[in-house]
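Note sheet for the following structure.
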Amino acid sequence: MVKALKTEWLKIKRYNAFLVISIFFVIGVVASNYIVYSFNKNVIGKVDSNGMLPDLAPYNFVNTWQTTSYTTGWLLMLPALLLIILITNEFTYKTNRQNIIDGWSRETFIDVKLLLAVLIAAASTVLVIITALSFGFASGTSFSMNHFSHVGFFFLKALSYNLIAAFISVLIKRTGFAIGVFFIYMGAENILSQILDALSVNFRESDKIDLGALGDYLPMGASDGLLTLPDNFIKSMASKVLPANYFYVVLGFTVFYILLFTFLSRRKIIKSDL
Amino acid sequence: MEILKVNELKKHYGSVRALDGISFSVPQGSVFGILGPNGSGKTTLLGIIMDVLKATSGSYLLFGKTGDAEARKNIGTLLETPNFYHYLSAVENLKIVASIKEKDESDIDRVLNVVNLSERKHYKFSTYSLGMKQRLAIASALLGDPKVLVLDEPTNGLDPSGISETRKLIKELNKLGKTIIMASHLLDEVEKVCTHVAILKRGNILAHGSVDELFGANNVIELQAADNNLIIQNLTAMPGFISQNHQDNVVFVTINPNEITEEGINKFFFEKGIVLRKINLKKESLERKFMELTN
């Protein structure tokens with residue numbers, strides 16, 4: 001697989017879109033976290049509320065891993081977009097056929113793409129770690145690993161998004177169409193998730209059944225549900241009316257979807273005509 | 001040894017039978033032509049052998065074993081269209097091919113030289129003309145000096161000199177002992193290049209074997225006299241006569257060359273009091289045979 005990965009690198013390293021999207025992502029991650037950091041420091045931090053507003057301190061070391069993971073989680077469509085382009089390019093140029101004709105097995109072809117999904121998620125996670133450390137130190141607090149688990153949740157979310165993108169790519173095959181479907185799906189799942197969450201609140205109030213937030217059981221919703229903002233007074237007030245957070249169920253769904261999309265993408269490439 | 005052995009291969013798309021149970025084998029060292037009109041199943045057949053299409057049923061052996069990725073690494077293949085990364089140069093594209101095939105990159109310059117692309121080797125694939133793309137695909141097939149080449153319409157998109165160079169190249173490669181499996185709808189191409197042929201029509205093999213076996217047994221002779229009707233009337237009595245047709249004041253007679261020679265024909269008609277103006281022996285053309293088989 002290392003050999004196949006080296007071949008894959010030959011395809012990617014001179015591809016301009018790879019460089020452009022990567023740069024956009026890095027700038028986006030730093031900028032979005034800086035906006036949150038700066039807003040908290042320069043706006044909320046300067047309001048004299050006589051103690052009514054507690055200090056949120058999102059990038060103090062106790063919170064920085066969680067805040068950075070959550071904020072960066074909103075930008076994961078960019079690496080997913082890159083992966084869609086890299087996979088659908090093969091279909092556009094018919095190089096998926098040529099790679100196999102030249103001597104790759106179908107398994108190698110899809111496995112190296114799925115490995116790419118993992119590596120892109122891992123690279124995004126490294127970026128989160130660097131960003132969290134930088135803002136943590138910029139906040140002038142001392143190092144702590146508190147809530148570092150959220151960096152792990154970020155990796156799972158990045159991987160989920162990438163694998164959904166990979167599956168849509170092998171299914172749709174055309175770049176523009178696949179990108180469209182990915183974003184429409186993202187929007188549609190978000191709307192469905194809001195409706196399901198509202199239903200969950202309803203169930204809890206009227207039927208006294210707490211199923212948790214049902215939106216967290218959807219493919220993207222599951223990994224979204226893992227990442228939350230650090231605890232604050234608004235969250236603790238809202239938690240009184242919101243459904244319970246069944247963390248391990250949500251984590252279970254996340255892992256299930258990761259395995260499901262891996263399986264479906266492999267099956268599609270291995271079984272069908274190319 | 002047989003390089004490729006195809007056994008009862010079927011490929012159905014719904015009710016369409018793209019391949020309807022075909023079997024044949026390709027002997028080592030041959031130039032094996034797969035000949036058929038457009039849509040006869042040539043590319044489907046090669047696609048299955050290269051694992052980009054899945055057969056409905058049937059099997060095939062490459063180098064005497066079930067065909068797999070390892071076997072494909074040792075076959076140079078050009079299937080249907082040249083497939084390369086548009087944003088990469090010829091050299092960068094061939095580096096990818098070399099990496100997949102596990103062949104040395106040092107062979108890249110040689111193959112680009114063979115197809116006369118050395119001067120443009122650092123240009124992006126997207127800037128290439130159709131003929132250059134096709135030549136790059138041939139270069140890619142030659143990479144690593146494989147013992148077997150599979151070429152689907154190899155002269156597609158090439159200009160006349162490119163076509164003639166490619167045919168020459170195929171013959172030279174064959175002389176070096178390489179086995180070449182070539183699909184074509186160009187009869188003339190198969191006739192000029194191939195040692196063996198399989199004729200495909202609507203997913204069925206109509207005939208296969210060596211070119212000499214299939215097309216060499218019967219010869220056609222062109223005859224002409226002052227009154228061609230006299231020739232036609234007497235033909236059935238001529239030894240070795242098989243069939244005849246006539247057009248443009250010439251009678252085309254298919255004969256068995258083992259039973260009669262040109263001299264014998266001349267004598268036969270002279271004895272009947274018919275003086276021949278023209279007597280011209282030629283091998284039965286592949287085109288006539290092809291039309292005969294496919295119509």
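We label chains A, B, ... in the order they appear in the structure tokens, count residues from 1 in each chain, and number ligands from 1 in the order shown.
For Met220 in chain A, the set of protein, DNA and RNA residues having any atom at most 7 Å away, when counting only C-alpha atoms and skipping those fewer than 2 positions along the same chain, is Ser160, Tyr161, Leu218, Ala222, Ser223 and Asp224 of chain A.
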Need the shell around Glu189 in chain B: protein/DNA/RNA residues with any atom at most 10 Å away, counting only C-alpha atoms. Skip same-chain ones fewer than 6 positions apart. Format as a list in words? Gly33, Leu35, Glu153, Pro154, Thr155, Ile163, Ser164, Arg167, Met182 and Ala183 of chain B
From the set B:Leu200, B:Val250, B:Leu186, B:Leu173, which residue has the shortest atom-to-atom contact distance to Lys42 in chain B, counting only C-alpha atoms?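 Residue with the minimum atom-to-atom distance to Lys42 in chain B: B:Leu200.
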As a PyMOL selection string, please: every residue in range 225-274 of chain A that DSSP puts in helix (DSSP H, G or I). chain A and resi 225-226+233-238+247-271
Skip Arg202 in chain B itself and residues of its chain fewer than 6 positions away, then list as a list in words all residues within 10 Å of it, counting only C-alpha atoms.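 Everything that qualifies: Val16, Arg17, Ala18, Leu19, Asp20, Gly36, Pro37, Asn38, Gly39, Ser40, Gly41, Lys42 and Thr294 of chain B.
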Pull N, CA and C atoms from the residues just selected and write them as a CSV table (one decimal), in the first residue's frame.
chain,number,residue,atom,x,y,z
B,16,VAL,N,-29.3,-7.2,-24.3
B,16,VAL,CA,-28.2,-7.1,-25.3
B,16,VAL,C,-27.1,-8.0,-25.0
B,17,ARG,N,-26.8,-8.9,-26.0
B,17,ARG,CA,-25.7,-9.8,-25.7
B,17,ARG,C,-24.4,-9.3,-26.4
B,18,ALA,N,-23.6,-8.5,-25.6
B,18,ALA,CA,-22.4,-7.9,-26.2
B,18,ALA,C,-21.4,-9.0,-26.6
B,19,LEU,N,-21.3,-10.1,-25.7
B,19,LEU,CA,-20.5,-11.2,-26.0
B,19,LEU,C,-21.4,-12.4,-25.7
B,20,ASP,N,-21.5,-13.4,-26.7
B,20,ASP,CA,-22.4,-14.4,-26.5
B,20,ASP,C,-21.8,-15.8,-26.4
B,36,GLY,N,-13.7,-7.0,-36.4
B,36,GLY,CA,-15.2,-7.0,-36.4
B,36,GLY,C,-15.7,-5.6,-36.7
B,37,PRO,N,-16.9,-5.5,-37.1
B,37,PRO,CA,-17.5,-4.1,-37.3
B,37,PRO,C,-17.7,-3.4,-36.0
B,38,ASN,N,-18.0,-2.1,-36.1
B,38,ASN,CA,-18.2,-1.4,-34.8
B,38,ASN,C,-19.4,-2.0,-34.1
B,39,GLY,N,-19.2,-2.1,-32.8
B,39,GLY,CA,-20.2,-2.7,-31.9
B,39,GLY,C,-20.3,-4.2,-31.9
B,40,SER,N,-19.2,-4.9,-32.4
B,40,SER,CA,-19.3,-6.3,-32.5
B,40,SER,C,-18.8,-7.0,-31.2
B,41,GLY,N,-18.2,-6.2,-30.3
B,41,GLY,CA,-17.8,-6.7,-29.0
B,41,GLY,C,-16.3,-6.8,-28.8
B,42,LYS,N,-15.6,-6.2,-29.7
B,42,LYS,CA,-14.1,-6.2,-29.6
B,42,LYS,C,-13.6,-5.6,-28.3
B,294,THR,N,-19.7,-11.9,-42.7
B,294,THR,CA,-20.5,-11.1,-41.8
B,294,THR,C,-21.9,-10.8,-42.4
Find the residue from B:Phe84, B:Phe241, B:Tyr128, B:Phe32 that sits nearest to Phe91 in chain A; use only C-alpha atoms when measuring. B:Phe84
Residues of chain A within 8 Å of chain B, counting only C-alpha atoms, as a list in words: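 Interface list for chain A against chain B: Lys3, Ala4, Thr7, Leu10, Lys11, Arg14, Tyr15, Tyr93, Lys94, Thr95, Arg97, Gln98, Asn99, Ile100, Ile101, Asp102, Gly103, Trp104, Ser105, Lys271, Ser272, Asp273 and Leu274 of chain A.
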I'd like to know which of B:Ser25, B:Gln244, B:Asn234, B:Ser184 is closest to Ser210 in chain B, using only C-alpha atoms. B:Ser25
When you count only C-alpha atoms, which of these residues is closest to Gln233 in chain B: B:His185, B:His12, B:Lys103, B:Lys272? B:Lys272
Sel. of strand (DSSP E) residues, range 130-208 of chain B, as a list of chain:residue names: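 After running DSSP on the backbone, range 130-208 of chain B has strand (DSSP E) at B:Val148, B:Leu149, B:Val150, B:Leu151, B:Asp152, B:Thr179, B:Ile180, B:Ile181, B:Met182, B:Ala183, B:Ser184, B:His196, B:Val197, B:Ala198, B:Ile199, B:Leu200, B:Lys201, B:Asn204, B:Ile205, B:Leu206, B:Ala207, B:His208.
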Residues as selected, C-alpha atoms, written as a CSV table (one decimal), in the first residue's frame, can you do that?
chain,number,residue,atom,x,y,z
B,148,VAL,CA,2.6,-9.2,-24.7
B,149,LEU,CA,0.8,-6.2,-26.1
B,150,VAL,CA,-2.9,-5.6,-26.3
B,151,LEU,CA,-3.7,-2.9,-28.8
B,152,ASP,CA,-7.3,-1.7,-29.4
B,179,THR,CA,2.8,-11.6,-28.9
B,180,ILE,CA,0.4,-8.9,-30.0
B,181,ILE,CA,-3.3,-9.0,-29.6
B,182,MET,CA,-4.9,-6.3,-31.8
B,183,ALA,CA,-8.5,-5.3,-32.2
B,184,SER,CA,-9.4,-3.5,-35.4
B,196,HIS,CA,-3.9,-15.0,-36.7
B,197,VAL,CA,-7.4,-13.6,-36.7
B,198,ALA,CA,-10.8,-14.0,-35.0
B,199,ILE,CA,-13.8,-12.5,-36.7
B,200,LEU,CA,-16.4,-11.2,-34.4
B,201,LYS,CA,-19.9,-10.2,-35.2
B,204,ASN,CA,-20.1,-14.2,-31.7
B,205,ILE,CA,-16.9,-15.5,-33.3
B,206,LEU,CA,-17.7,-16.3,-36.9
B,207,ALA,CA,-14.3,-17.8,-37.7
B,208,HIS,CA,-10.8,-17.9,-36.2
Do you know which residues are at most 12 Å from Ile172 in chain A counting only C-alpha atoms, after dropping those on the same chain fewer than 3 positions away, and could you put them as a ChimeraX atom specification? /A:84-85,87-89,91-92,165-169,175-182,265,268
So that I can see what lies close to range 70-76 of chain A, please list as number ranges by chain the residues with an atom at most 8 Å from it, counting only C-alpha atoms and leaving out residues fewer than 4 positions away in the same chain. A: 25, 28-29, 32-33, 66, 80, 128, 150, 154, 157-158, 161, 224, 227-229
May I have the residues within 8 Å of Ile12 in chain A as a PyMOL selection string, using only C-alpha atoms and disregarding those fewer than 4 positions away in the same chain? chain A and resi 8+18+86
Using N, CA and C atoms, can you write the selected residues to a file as a PDB file, in the first residue's frame?
ATOM      1  N   GLU A   8       0.123   7.466  -5.949  1.00  0.00           N
ATOM      2  CA  GLU A   8      -0.941   8.456  -5.770  1.00  0.00           C
ATOM      3  C   GLU A   8      -0.342   9.863  -5.616  1.00  0.00           C
ATOM      4  N   PHE A  18      -5.105  20.879  -5.797  1.00  0.00           N
ATOM      5  CA  PHE A  18      -4.676  20.318  -4.510  1.00  0.00           C
ATOM      6  C   PHE A  18      -4.015  21.407  -3.665  1.00  0.00           C
ATOM      7  N   LEU A  86     -10.274  14.776  -6.460  1.00  0.00           N
ATOM      8  CA  LEU A  86      -9.220  13.790  -6.727  1.00  0.00           C
ATOM      9  C   LEU A  86      -9.795  12.453  -7.198  1.00  0.00           C
TER      10      LEU A  86
END
Contacts of Leu281 in chain B at 8 Å (only C-alpha atoms; same-chain gap of 6+ positions) as a VMD selection string: chain B and resid 219 to 222 262
Would you please work out which residue, of A:Asn40, A:Gly215, A:Phe263, A:Leu226, is nearest to Tyr248 in chain A when using only C-alpha atoms? A:Leu226
